[in-house]
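The next block is protein07.cif, given as mmCIF, C-alpha atoms and all ligand atoms.
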```
data_final
#
loop_
_atom_site.label_atom_id
_atom_site.label_comp_id
_atom_site.auth_asym_id
_atom_site.auth_seq_id
_atom_site.Cartn_x
_atom_site.Cartn_y
_atom_site.Cartn_z
CA MET A 1 0.00 0.00 0.00
CA LYS A 2 1.06 3.56 -0.57
CA THR A 3 -0.61 6.91 -0.20
CA CYS A 4 -0.92 8.73 -3.49
CA THR A 5 -1.78 12.37 -3.88
CA PHE A 6 -4.04 12.92 -6.86
CA ASN A 7 -3.73 16.49 -8.03
CA ILE A 8 -6.61 16.96 -10.43
CA LYS A 9 -7.42 19.92 -12.63
CA ARG A 10 -11.16 20.37 -12.25
CA PHE A 11 -13.56 22.52 -14.17
CA ASP A 12 -17.30 22.92 -13.80
CA PRO A 13 -18.66 25.48 -16.26
CA GLU A 14 -21.87 25.78 -14.22
CA LYS A 15 -20.03 26.85 -11.08
CA ALA A 16 -16.93 28.72 -12.21
CA SER A 17 -15.45 30.30 -15.30
CA THR A 18 -11.91 29.05 -14.67
CA PRO A 19 -10.49 25.64 -13.74
CA ARG A 20 -9.26 24.90 -10.21
CA TRP A 21 -6.96 22.29 -8.70
CA ALA A 22 -8.24 19.67 -6.25
CA LYS A 23 -6.11 17.34 -4.12
CA PHE A 24 -7.10 13.84 -2.97
CA SER A 25 -5.07 11.45 -0.82
CA VAL A 26 -5.84 7.89 -1.78
CA GLU A 27 -4.53 4.57 -0.45
CA MET A 28 -3.39 2.58 -3.46
CA GLU A 29 -1.96 -0.88 -4.06
CA GLN A 30 1.14 -0.97 -6.27
CA THR A 31 -0.69 -3.34 -8.61
CA GLU A 32 -3.64 -1.01 -9.11
CA ARG A 33 -4.05 1.36 -11.99
CA LEU A 34 -4.61 5.09 -12.12
CA LEU A 35 -8.20 4.49 -13.14
CA ASP A 36 -8.77 2.57 -9.89
CA GLY A 37 -7.67 5.69 -8.01
CA LEU A 38 -10.14 7.85 -9.92
CA ILE A 39 -12.93 5.35 -9.22
CA LYS A 40 -12.04 5.32 -5.50
CA ILE A 41 -12.23 9.11 -5.40
CA LYS A 42 -15.56 9.18 -7.18
CA ASP A 43 -17.05 6.36 -5.07
CA ASN A 44 -15.78 7.37 -1.64
CA MET A 45 -14.61 10.96 -1.58
CA ASP A 46 -16.25 13.21 -4.14
CA GLY A 47 -19.03 11.91 -6.35
CA THR A 48 -18.91 15.02 -8.51
CA LEU A 49 -15.50 14.18 -9.99
CA THR A 50 -16.09 13.52 -13.67
CA PHE A 51 -14.01 11.39 -15.99
CA ARG A 52 -14.56 8.99 -18.89
CA ARG A 53 -13.95 5.31 -18.84
CA SER A 54 -15.60 2.36 -20.42
CA CYS A 55 -13.66 -0.85 -21.01
CA ALA A 56 -11.04 -0.34 -18.28
CA HIS A 57 -8.76 -2.59 -20.32
CA GLY A 58 -7.00 -0.22 -22.70
CA ILE A 59 -9.15 -0.94 -25.70
CA CYS A 60 -11.92 1.65 -25.93
CA GLY A 61 -9.74 4.74 -25.67
CA SER A 62 -12.14 6.74 -23.54
CA CYS A 63 -9.95 7.25 -20.45
CA ALA A 64 -7.13 9.23 -22.11
CA VAL A 65 -5.96 12.08 -19.86
CA LYS A 66 -2.80 14.08 -19.29
CA ILE A 67 -0.84 12.23 -16.60
CA ASN A 68 2.02 14.21 -15.05
CA GLY A 69 2.17 16.29 -18.20
CA LYS A 70 2.04 13.42 -20.66
CA ASN A 71 -1.05 12.00 -22.34
CA GLY A 72 -1.90 8.40 -21.59
CA LEU A 73 -4.62 5.95 -20.62
CA ALA A 74 -5.67 6.02 -16.95
CA CYS A 75 -6.61 2.34 -17.16
CA GLN A 76 -3.25 1.30 -18.57
CA THR A 77 -1.01 3.24 -16.18
CA LEU A 78 0.08 1.27 -13.13
CA ILE A 79 0.51 2.91 -9.72
CA LYS A 80 3.90 1.20 -9.33
CA ASP A 81 5.20 3.20 -12.30
CA MET A 82 3.99 6.52 -10.84
CA PRO A 83 5.55 8.95 -8.35
CA ASP A 84 3.59 9.57 -5.12
CA THR A 85 2.06 12.74 -6.51
CA ILE A 86 0.02 12.28 -9.65
CA THR A 87 -1.14 15.29 -11.60
CA LEU A 88 -4.10 14.74 -13.87
CA GLU A 89 -5.42 17.18 -16.45
CA PRO A 90 -7.90 16.86 -19.31
CA LEU A 91 -6.43 16.30 -22.78
CA GLU A 92 -4.92 19.46 -24.23
CA ALA A 93 -6.46 21.31 -27.18
CA TYR A 94 -9.98 19.89 -27.01
CA PRO A 95 -12.73 21.96 -25.34
CA VAL A 96 -13.23 20.86 -21.71
CA ILE A 97 -16.79 19.84 -20.84
CA LYS A 98 -16.24 19.05 -17.17
CA ASP A 99 -13.21 18.04 -15.10
CA LEU A 100 -11.34 15.40 -17.12
CA VAL A 101 -14.00 15.07 -19.79
CA VAL A 102 -13.29 16.83 -23.08
CA ASP A 103 -15.41 17.35 -26.16
CA MET A 104 -14.03 14.91 -28.72
CA SER A 105 -16.19 16.11 -31.62
CA PRO A 106 -13.38 18.13 -33.30
CA PHE A 107 -11.33 14.94 -33.17
CA PHE A 108 -14.01 12.78 -34.78
CA GLU A 109 -14.82 15.43 -37.38
CA LYS A 110 -11.22 15.22 -38.60
CA ASN A 111 -11.46 11.46 -38.62
CA ASP A 112 -14.58 11.57 -40.81
CA LYS A 113 -12.75 13.69 -43.38
CA VAL A 114 -10.35 10.94 -44.46
CA MET A 115 -12.99 8.37 -45.50
CA PRO A 116 -12.28 6.11 -42.53
CA TYR A 117 -13.86 3.01 -44.05
CA LEU A 118 -12.98 0.32 -46.55
CA VAL A 119 -14.04 1.13 -50.12
CA ASN A 120 -14.33 -1.88 -52.38
CA ASP A 121 -17.24 -2.40 -54.77
CA GLU A 122 -16.07 -5.72 -56.14
CA THR A 123 -18.20 -8.70 -55.14
CA PRO A 124 -16.61 -10.16 -52.05
CA PRO A 125 -15.37 -13.75 -52.18
CA ASP A 126 -17.32 -16.44 -50.34
CA ARG A 127 -15.72 -16.01 -46.96
CA GLU A 128 -13.53 -12.93 -46.74
CA ARG A 129 -11.16 -10.71 -48.73
CA LEU A 130 -7.83 -12.39 -48.22
CA GLN A 131 -4.52 -10.63 -47.72
CA SER A 132 -0.98 -11.95 -47.76
CA PRO A 133 0.85 -11.77 -44.41
CA GLU A 134 3.22 -9.20 -45.98
CA ASP A 135 0.33 -6.96 -47.01
CA GLN A 136 -1.24 -7.33 -43.60
CA HIS A 137 2.05 -6.38 -42.02
CA LYS A 138 1.96 -2.97 -43.74
CA ILE A 139 -1.10 -1.93 -41.77
CA LEU A 140 -0.66 -4.04 -38.65
CA GLN A 141 0.50 -1.18 -36.42
CA SER A 142 -1.98 1.37 -37.70
CA ILE A 143 -4.86 -1.03 -37.08
CA THR A 144 -4.09 -1.14 -33.36
CA CYS A 145 -5.11 2.53 -32.95
CA ILE A 146 -7.93 2.79 -30.39
CA MET A 147 -8.65 6.44 -31.20
CA CYS A 148 -8.10 7.73 -27.68
CA GLY A 149 -7.06 11.15 -29.04
CA SER A 150 -3.78 11.32 -27.08
CA CYS A 151 -1.67 11.92 -30.19
CA THR A 152 -3.61 14.77 -31.77
CA SER A 153 -3.94 16.42 -28.36
CA SER A 154 -0.15 16.29 -27.90
CA CYS A 155 0.69 17.74 -31.31
CA PRO A 156 2.04 21.34 -31.35
CA GLY A 157 1.00 21.56 -34.99
CA TYR A 158 -2.58 20.92 -33.88
CA TRP A 159 -2.32 23.40 -30.99
CA ALA A 160 -1.29 26.05 -33.53
CA ASN A 161 -4.00 25.23 -36.03
CA LYS A 162 -7.21 23.49 -35.04
CA ASP A 163 -8.04 22.93 -38.71
CA TYR A 164 -5.07 20.59 -39.07
CA LEU A 165 -6.26 17.02 -39.52
CA GLY A 166 -3.83 15.85 -36.85
CA PRO A 167 -1.85 12.63 -36.43
CA SER A 168 -4.82 10.46 -35.56
CA ALA A 169 -6.85 11.20 -38.70
CA LEU A 170 -3.74 10.93 -40.85
CA LEU A 171 -2.89 7.57 -39.32
CA LYS A 172 -6.43 6.48 -40.10
CA ALA A 173 -5.89 7.56 -43.69
CA TYR A 174 -2.70 5.50 -43.74
CA ARG A 175 -4.56 2.50 -42.40
CA PHE A 176 -6.85 2.44 -45.46
CA ILE A 177 -4.49 3.83 -48.11
CA PHE A 178 -2.00 1.06 -47.43
CA ASP A 179 -4.71 -1.59 -47.14
CA THR A 180 -4.42 -3.71 -50.31
CA ARG A 181 -8.15 -4.52 -50.13
CA ASP A 182 -9.09 -0.87 -50.45
CA ASN A 183 -9.84 0.72 -53.83
CA ALA A 184 -10.08 4.40 -52.91
CA SER A 185 -6.47 5.08 -51.97
CA GLY A 186 -6.06 7.76 -54.62
CA GLU A 187 -9.18 9.60 -53.57
CA ARG A 188 -8.21 9.35 -49.92
CA LEU A 189 -4.72 10.67 -50.65
CA GLU A 190 -6.34 13.73 -52.23
CA LYS A 191 -8.18 14.32 -48.97
CA ILE A 192 -5.00 14.62 -46.91
CA ILE A 193 -2.51 16.52 -49.06
CA HIS A 194 -4.12 19.94 -48.77
CA ASN A 195 -2.93 22.90 -46.70
CA ASN A 196 -4.30 21.58 -43.42
CA GLY A 197 -3.27 18.01 -44.02
CA LEU A 198 -0.11 15.95 -44.19
CA TRP A 199 2.32 18.86 -44.64
CA ARG A 200 1.42 20.31 -41.28
CA CYS A 201 3.25 17.39 -39.71
CA ARG A 202 6.69 18.66 -38.73
CA SER A 203 7.99 15.36 -37.39
CA ILE A 204 7.90 16.55 -33.79
CA TYR A 205 7.29 13.00 -32.50
CA ASN A 206 5.10 14.04 -29.54
CA CYS A 207 2.41 11.71 -30.90
CA VAL A 208 4.77 8.73 -30.90
CA GLU A 209 5.89 9.59 -27.39
CA VAL A 210 2.36 9.50 -25.96
CA CYS A 211 0.69 6.76 -28.03
CA PRO A 212 -0.51 4.11 -25.54
CA LYS A 213 -0.36 1.50 -28.29
CA GLU A 214 3.22 2.48 -29.14
CA ILE A 215 2.44 3.14 -32.80
CA ASP A 216 5.20 4.86 -34.75
CA ILE A 217 2.75 7.49 -35.98
CA THR A 218 5.37 9.91 -37.35
CA GLY A 219 6.95 7.06 -39.30
CA HIS A 220 3.59 6.21 -40.84
CA LEU A 221 3.00 9.86 -41.80
CA SER A 222 6.45 9.95 -43.41
CA LYS A 223 5.45 6.98 -45.54
CA LEU A 224 2.34 8.90 -46.60
CA LYS A 225 4.50 11.91 -47.54
CA ARG A 226 6.77 9.74 -49.64
CA LEU A 227 3.75 8.11 -51.27
CA ALA A 228 2.35 11.56 -52.12
CA VAL A 229 5.63 12.53 -53.80
CA LYS A 230 5.69 9.24 -55.69
CA LYS A 231 2.08 9.41 -56.88
CA LYS A 232 1.74 13.13 -57.48
CA LEU A 233 5.19 14.04 -58.73
CA LEU A 234 7.27 11.16 -59.97
CA GLU A 235 4.60 8.92 -61.50
CA ARG A 236 2.50 11.65 -63.02
CA LYS A 237 1.55 11.10 -66.63
CA MET B 238 -6.63 25.26 -59.15
CA LYS B 239 -7.03 22.85 -56.23
CA ARG B 240 -4.86 20.38 -58.10
CA ILE B 241 -2.13 22.95 -58.68
CA ILE B 242 -2.05 23.85 -54.97
CA GLU B 243 -1.86 20.16 -54.05
CA ILE B 244 1.10 19.56 -56.33
CA LYS B 245 2.73 22.77 -55.11
CA ARG B 246 2.61 21.43 -51.54
CA VAL B 247 4.08 18.10 -52.62
CA ILE B 248 6.92 19.87 -54.43
CA GLU B 249 7.58 22.15 -51.48
CA TRP B 250 8.00 19.23 -49.08
CA PHE B 251 10.07 17.21 -51.53
CA PHE B 252 12.45 20.09 -52.28
CA GLN B 253 12.80 20.91 -48.60
CA ARG B 254 14.21 17.40 -48.17
CA ILE B 255 16.38 17.57 -51.30
CA THR B 256 17.84 20.95 -50.37
CA GLY B 257 18.34 19.67 -46.82
CA VAL B 258 20.60 16.94 -48.21
CA VAL B 259 22.40 19.42 -50.50
CA LEU B 260 22.92 21.70 -47.48
CA LEU B 261 24.31 18.89 -45.40
CA ILE B 262 26.98 18.22 -48.03
CA GLY B 263 27.38 21.88 -49.04
CA LEU B 264 27.84 23.15 -45.49
CA ILE B 265 30.50 20.52 -44.79
CA VAL B 266 32.42 21.57 -47.90
CA HIS B 267 31.85 25.26 -47.17
CA PHE B 268 32.97 25.10 -43.56
CA GLN B 269 35.91 22.91 -44.41
CA THR B 270 37.18 25.46 -46.95
CA MET B 271 36.26 28.64 -45.08
CA HIS B 272 36.82 27.73 -41.49
CA TYR B 273 39.18 24.80 -41.09
CA SER B 274 41.68 25.34 -43.90
CA GLY B 275 43.43 28.34 -42.41
CA ALA B 276 42.64 32.06 -42.50
CA GLY B 277 44.36 32.30 -45.88
CA GLN B 278 41.27 30.72 -47.44
CA ILE B 279 39.22 33.86 -46.93
CA SER B 280 41.85 36.31 -48.05
CA TYR B 281 41.07 38.49 -51.07
CA GLU B 282 43.38 36.41 -53.28
CA ALA B 283 41.90 33.05 -52.23
CA VAL B 284 38.30 34.20 -52.68
CA PHE B 285 39.20 35.79 -56.01
CA ALA B 286 40.84 32.56 -57.15
CA ARG B 287 37.77 30.51 -56.22
CA LEU B 288 35.41 32.95 -57.87
CA SER B 289 37.42 32.60 -61.09
CA ASN B 290 37.02 28.85 -61.01
CA PRO B 291 33.87 27.65 -62.81
CA TYR B 292 33.50 24.59 -60.52
CA TRP B 293 33.44 26.78 -57.43
CA ILE B 294 31.00 29.16 -59.10
CA VAL B 295 28.62 26.31 -59.87
CA PHE B 296 29.04 24.97 -56.33
CA ASN B 297 28.34 28.41 -54.86
CA ILE B 298 25.26 28.94 -57.03
CA VAL B 299 23.81 25.53 -56.12
CA PHE B 300 24.64 26.18 -52.47
CA LEU B 301 23.09 29.63 -52.56
CA LEU B 302 19.92 28.42 -54.28
CA SER B 303 19.60 25.55 -51.79
CA VAL B 304 20.07 27.58 -48.66
CA THR B 305 17.72 30.33 -49.83
CA TYR B 306 15.04 27.90 -50.97
CA HIS B 307 15.39 25.81 -47.82
CA GLY B 308 15.43 28.73 -45.41
CA PHE B 309 12.60 30.70 -46.97
CA ASN B 310 10.43 27.72 -47.84
CA GLY B 311 10.90 26.58 -44.24
CA LEU B 312 9.81 29.99 -42.98
CA LEU B 313 6.81 30.03 -45.36
CA GLY B 314 5.84 26.64 -44.00
CA ILE B 315 5.91 27.51 -40.33
CA MET B 316 4.68 31.09 -40.65
CA PRO B 317 0.94 30.16 -40.67
CA GLU B 318 1.45 28.45 -37.32
CA TYR B 319 2.31 31.78 -35.73
CA VAL B 320 0.35 34.21 -37.89
CA HIS B 321 -3.35 33.41 -37.94
CA SER B 322 -4.86 36.29 -39.87
CA HIS B 323 -5.32 35.16 -43.45
CA LYS B 324 -4.59 38.63 -44.78
CA MET B 325 -1.36 38.91 -42.80
CA GLN B 326 -0.31 35.46 -44.05
CA LYS B 327 -0.67 36.62 -47.64
CA VAL B 328 1.28 39.81 -46.93
CA LEU B 329 4.14 37.95 -45.23
CA GLU B 330 4.17 35.37 -47.99
CA GLY B 331 4.72 38.17 -50.50
CA VAL B 332 7.42 39.81 -48.36
CA LEU B 333 9.30 36.54 -47.87
CA ILE B 334 9.21 35.71 -51.58
CA VAL B 335 10.43 39.20 -52.54
CA VAL B 336 13.30 38.99 -50.03
CA ALA B 337 14.25 35.49 -51.23
CA VAL B 338 14.28 36.51 -54.88
CA THR B 339 16.35 39.60 -54.02
CA VAL B 340 18.89 37.54 -52.06
CA VAL B 341 19.24 35.00 -54.87
CA SER B 342 19.56 37.66 -57.57
CA LEU B 343 22.19 39.56 -55.62
CA GLY B 344 24.14 36.39 -54.92
CA VAL B 345 24.07 35.12 -58.47
CA TYR B 346 25.03 38.60 -59.68
CA ILE B 347 28.04 38.70 -57.37
CA LEU B 348 29.10 35.19 -58.34
CA THR B 349 28.81 35.62 -62.08
CA VAL B 350 29.64 39.22 -62.92
C1 LIG C 401 22.81 20.47 -42.56
C2 LIG C 401 21.94 21.31 -43.07
C3 LIG C 401 20.44 21.15 -43.00
C4 LIG C 401 19.69 20.01 -43.10
C5 LIG C 401 20.14 18.57 -43.31
C6 LIG C 401 18.30 20.43 -42.99
C7 LIG C 401 17.20 19.57 -43.05
C8 LIG C 401 15.89 19.95 -42.94
C9 LIG C 401 14.75 19.09 -43.14
C10 LIG C 401 14.79 17.62 -43.47
C11 LIG C 401 13.62 19.84 -42.93
C12 LIG C 401 12.18 19.36 -43.03
C13 LIG C 401 11.63 19.01 -41.69
C14 LIG C 401 10.27 18.35 -41.82
O1 LIG C 401 9.46 18.74 -42.67
O2 LIG C 401 10.01 17.42 -41.06
C15 LIG C 401 14.05 21.18 -42.61
C16 LIG C 401 13.21 22.24 -42.29
C17 LIG C 401 13.63 23.55 -42.12
N1 LIG C 401 14.91 24.03 -42.23
FE1 LIG C 401 16.57 22.91 -42.52
N2 LIG C 401 18.24 21.78 -42.81
C18 LIG C 401 19.53 22.27 -42.82
C19 LIG C 401 19.94 23.57 -42.68
C20 LIG C 401 19.09 24.65 -42.55
C21 LIG C 401 19.53 26.05 -42.58
C22 LIG C 401 20.96 26.54 -42.77
C23 LIG C 401 18.39 26.79 -42.38
C24 LIG C 401 18.24 28.29 -42.31
C25 LIG C 401 18.64 29.06 -43.27
C26 LIG C 401 17.26 25.88 -42.22
C27 LIG C 401 15.97 26.25 -42.01
C28 LIG C 401 14.90 25.40 -41.97
C29 LIG C 401 13.54 25.79 -41.68
C30 LIG C 401 13.06 27.21 -41.35
C31 LIG C 401 12.74 24.63 -41.77
C32 LIG C 401 11.24 24.51 -41.55
C33 LIG C 401 10.97 23.91 -40.22
C34 LIG C 401 9.73 23.09 -40.20
O3 LIG C 401 9.16 22.79 -41.27
O4 LIG C 401 9.32 22.73 -39.10
N3 LIG C 401 17.75 24.61 -42.34
N4 LIG C 401 15.43 21.24 -42.63
C1 LIG C 402 32.42 30.07 -40.70
C2 LIG C 402 31.49 30.77 -41.27
C3 LIG C 402 31.52 31.19 -42.72
C4 LIG C 402 32.52 31.79 -43.45
C5 LIG C 402 33.91 32.23 -42.97
C6 LIG C 402 32.00 31.97 -44.77
C7 LIG C 402 32.70 32.58 -45.81
C8 LIG C 402 32.26 32.70 -47.10
C9 LIG C 402 33.03 33.28 -48.19
C10 LIG C 402 34.43 33.85 -48.10
C11 LIG C 402 32.24 33.21 -49.31
C12 LIG C 402 32.59 33.70 -50.70
C13 LIG C 402 32.67 32.60 -51.68
C14 LIG C 402 34.01 31.88 -51.74
O1 LIG C 402 35.02 32.41 -51.21
O2 LIG C 402 34.10 30.78 -52.32
C15 LIG C 402 31.00 32.58 -48.92
C16 LIG C 402 29.94 32.36 -49.76
C17 LIG C 402 28.74 31.77 -49.38
N1 LIG C 402 28.38 31.33 -48.12
FE1 LIG C 402 29.56 31.38 -46.48
N2 LIG C 402 30.71 31.46 -44.83
C18 LIG C 402 30.41 30.98 -43.60
C19 LIG C 402 29.19 30.39 -43.20
C20 LIG C 402 28.11 30.18 -44.05
C21 LIG C 402 26.85 29.58 -43.64
C22 LIG C 402 26.50 29.10 -42.25
C23 LIG C 402 26.05 29.54 -44.75
C24 LIG C 402 24.63 29.05 -44.98
C25 LIG C 402 23.85 28.52 -44.10
C26 LIG C 402 26.82 30.14 -45.82
C27 LIG C 402 26.34 30.30 -47.11
C28 LIG C 402 27.09 30.83 -48.16
C29 LIG C 402 26.58 30.96 -49.52
C30 LIG C 402 25.16 30.57 -49.99
C31 LIG C 402 27.64 31.55 -50.29
C32 LIG C 402 27.59 31.91 -51.78
C33 LIG C 402 26.89 33.24 -51.82
C34 LIG C 402 27.16 34.15 -52.98
O3 LIG C 402 28.30 34.57 -53.13
O4 LIG C 402 26.20 34.48 -53.65
N3 LIG C 402 28.06 30.51 -45.37
N4 LIG C 402 31.01 32.29 -47.56
S1 LIG C 403 -11.20 2.74 -20.19
FE1 LIG C 403 -11.09 1.90 -22.19
S2 LIG C 403 -9.08 2.48 -22.77
FE2 LIG C 403 -9.13 3.06 -20.69
#
```
When written as structure tokens, how does the structure in this file appear?
Ligand code: HEM
Ligand code: HEM
Ligand code: FES
Amino acid sequence: MKTCTFNIKRFDPEKASTPRWAKFSVEMEQTERLLDGLIKIKDNMDGTLTFRRSCAHGICGSCAVKINGKNGLACQTLIKDMPDTITLEPLEAYPVIKDLVVDMSPFFEKNDKVMPYLVNDETPPDRERLQSPEDQHKILQSITCIMCGSCTSSCPGYWANKDYLGPSALLKAYRFIFDTRDNASGERLEKIIHNNGLWRCRSIYNCVEVCPKEIDITGHLSKLKRLAVKKKLLERK
Amino acid sequence: MKRIIEIKRVIEWFFQRITGVVLLIGLIVHFQTMHYSGAGQISYEAVFARLSNPYWIVFNIVFLLSVTYHGFNGLLGIMPEYVHSHKMQKVLEGVLIVVAVTVVSLGVYILTV
């Protein structure tokens, strides 16, 4: 057991116009997760504390918050890896609704702009559209994205320009552009090479640093940039 | 029009990389000659000798074009992250392009005339 101090940035638009800091001392087991601490606070100390969580197993992406200055999943962060004082803030750059809950609609709007679905009008084979292991490997990492929003929220390019698609949406574009079963790669590429798209990525690597699924997002975006040069410049008829 | 802008962006990124590589090589050569080969290398005679040598002139022109393109294209790229007014962006874009063209013209003039 150890006593952890949870230092939480709270905001209730109905009560105050500015955020405030609240401190909670919580008894935690080393094997517990940050999310367990938040649940203890909400259940036993202050029922008004608001945060998102759903799966509690690092797969739904709803519990992403800024943990000691770095975005991550509350349900995937173990107490044993944390200092005694834990500072929690809502994700940067999205509008705060209440406490640790942010409005993710700007994030999903960007996602919708890259045609985040498989396009293939050919009649599907009897069971499924097969892929070679090599082809599957190209998109293996990008498929593991759980869309928690940590990356886009950590991106200085996004802080500077909220119209920028952001790493998450661009990674989603990668996921389908490099999917050999997809037939709309060209069209999708067009949707990301405008002024507020791919070229706003300055290879800052914040997204890679925070990604809870350890996806090399910047590397994927670099592949998209090279593909754009290849398709739009070198192979142009 | 949309297509032209798209291709312009692709070219800008591509050339930023290409000129980055040219700069990496060019700056090594430049610093080696100017800085680490003795003060005699930047005497009037030494500079005059280099500027009479067509290989050096070509090197200097390529180097000049690369550094100006790279520096100003880089500035044009990051400028909209600091300047949000669309009008101001257009103004600064014009200013930067005029300055870049002036710098290149002056440099090429000095190197060739
Ligand atoms: C060894 C020499 C250099 C190399 C290899 C190099 C390489 C690069 C590369 C690869 C980029 C693109 C970054 C990206 O889009 O991810 C870049 C951007 C940039 N470079 Fe250079 N560069 C060099 C020297 C210079 C010099 C001498 C200047 C100033 C005159 C300069 C100014 C810039 C600027 C302003 C940017 C834009 C920054 C951004 O897009 O975030 N660089 N450089
Ligand atoms: C140790 C510092 C430096 C010294 C002593 C130096 C010296 C010189 C000299 C003497 C020349 C005349 C050409 C020649 O003699 O062949 C020259 C030209 C040039 N230098 Fe440098 N330089 C230095 C740093 C730089 C840096 C950091 C850059 C770019 C990032 C640069 C870019 C250029 C360019 C583009 C030219 C050709 C310009 C023209 O004449 O139009 N130099 N430099
Ligand atoms: S609660 Fe689902 S990822 Fe954390």
Practice prompt. Compute the chain A side of the contact with chain B at 7 Å, counting only C-alpha atoms, and hand it back as a ChimeraX atom specification.
Written response: /A:160-161,193-194,228-229,232
Discussion item. Using only C-alpha atoms, which protein or nucleic acid residues come within 10 Å of A:Cys145? Drop anything in the same chain fewer than 3 positions from it, and give the result as a ChimeraX atom specification.
Written reply: /A:59-61,140-142,148-149,168,171-172,175,211-215,217
Would you export the selected residues with C-alpha atoms as a CSV table (one decimal), keeping the file's coordinate frame, please?
```
chain,number,residue,atom,x,y,z
A,59,ILE,CA,-9.2,-0.9,-25.7
A,60,CYS,CA,-11.9,1.6,-25.9
A,61,GLY,CA,-9.7,4.7,-25.7
A,140,LEU,CA,-0.7,-4.0,-38.6
A,141,GLN,CA,0.5,-1.2,-36.4
A,142,SER,CA,-2.0,1.4,-37.7
A,148,CYS,CA,-8.1,7.7,-27.7
A,149,GLY,CA,-7.1,11.2,-29.0
A,168,SER,CA,-4.8,10.5,-35.6
A,171,LEU,CA,-2.9,7.6,-39.3
A,172,LYS,CA,-6.4,6.5,-40.1
A,175,ARG,CA,-4.6,2.5,-42.4
A,211,CYS,CA,0.7,6.8,-28.0
A,212,PRO,CA,-0.5,4.1,-25.5
A,213,LYS,CA,-0.4,1.5,-28.3
A,214,GLU,CA,3.2,2.5,-29.1
A,215,ILE,CA,2.4,3.1,-32.8
A,217,ILE,CA,2.8,7.5,-36.0
```
Do you have, as JSON lines, the list of residues of chain A lying at most 6 Å from ligand LIG 403 (chain C), each with its nearest atom pair and that distance in Å to one decimal, counting only C-alpha atoms and all ligand atoms and ordered by chain then number?
```
{"residue": "A:Arg53", "atom": "CA", "partner": "C:LIG403", "partner_atom": "S1", "distance": 4.0}
{"residue": "A:Ser54", "atom": "CA", "partner": "C:LIG403", "partner_atom": "S1", "distance": 4.4}
{"residue": "A:Cys55", "atom": "CA", "partner": "C:LIG403", "partner_atom": "FE1", "distance": 3.9}
{"residue": "A:Ala56", "atom": "CA", "partner": "C:LIG403", "partner_atom": "S1", "distance": 3.6}
{"residue": "A:His57", "atom": "CA", "partner": "C:LIG403", "partner_atom": "FE1", "distance": 5.4}
{"residue": "A:Gly58", "atom": "CA", "partner": "C:LIG403", "partner_atom": "S2", "distance": 3.4}
{"residue": "A:Ile59", "atom": "CA", "partner": "C:LIG403", "partner_atom": "S2", "distance": 4.5}
{"residue": "A:Cys60", "atom": "CA", "partner": "C:LIG403", "partner_atom": "FE1", "distance": 3.8}
{"residue": "A:Gly61", "atom": "CA", "partner": "C:LIG403", "partner_atom": "S2", "distance": 3.7}
{"residue": "A:Ser62", "atom": "CA", "partner": "C:LIG403", "partner_atom": "FE1", "distance": 5.1}
{"residue": "A:Cys63", "atom": "CA", "partner": "C:LIG403", "partner_atom": "FE2", "distance": 4.3}
{"residue": "A:Leu73", "atom": "CA", "partner": "C:LIG403", "partner_atom": "FE2", "distance": 5.4}
{"residue": "A:Ala74", "atom": "CA", "partner": "C:LIG403", "partner_atom": "FE2", "distance": 5.9}
{"residue": "A:Cys75", "atom": "CA", "partner": "C:LIG403", "partner_atom": "FE2", "distance": 4.4}
```
Worksheet entry | Neighbourhood of ligand LIG 402 (chain C) at 10 Å, counting only C-alpha atoms and all ligand atoms, reported as a ChimeraX atom specification | /B:260-261,263-265,267-273,276,278-290,293-305,307-308,340-349
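With all atoms listed in the file as the atoms that count, the residue of A:Arg129, A:Lys40, A:Lys15, A:Arg200 with the shortest distance to ligand LIG 401 (chain C) is A:Arg200.
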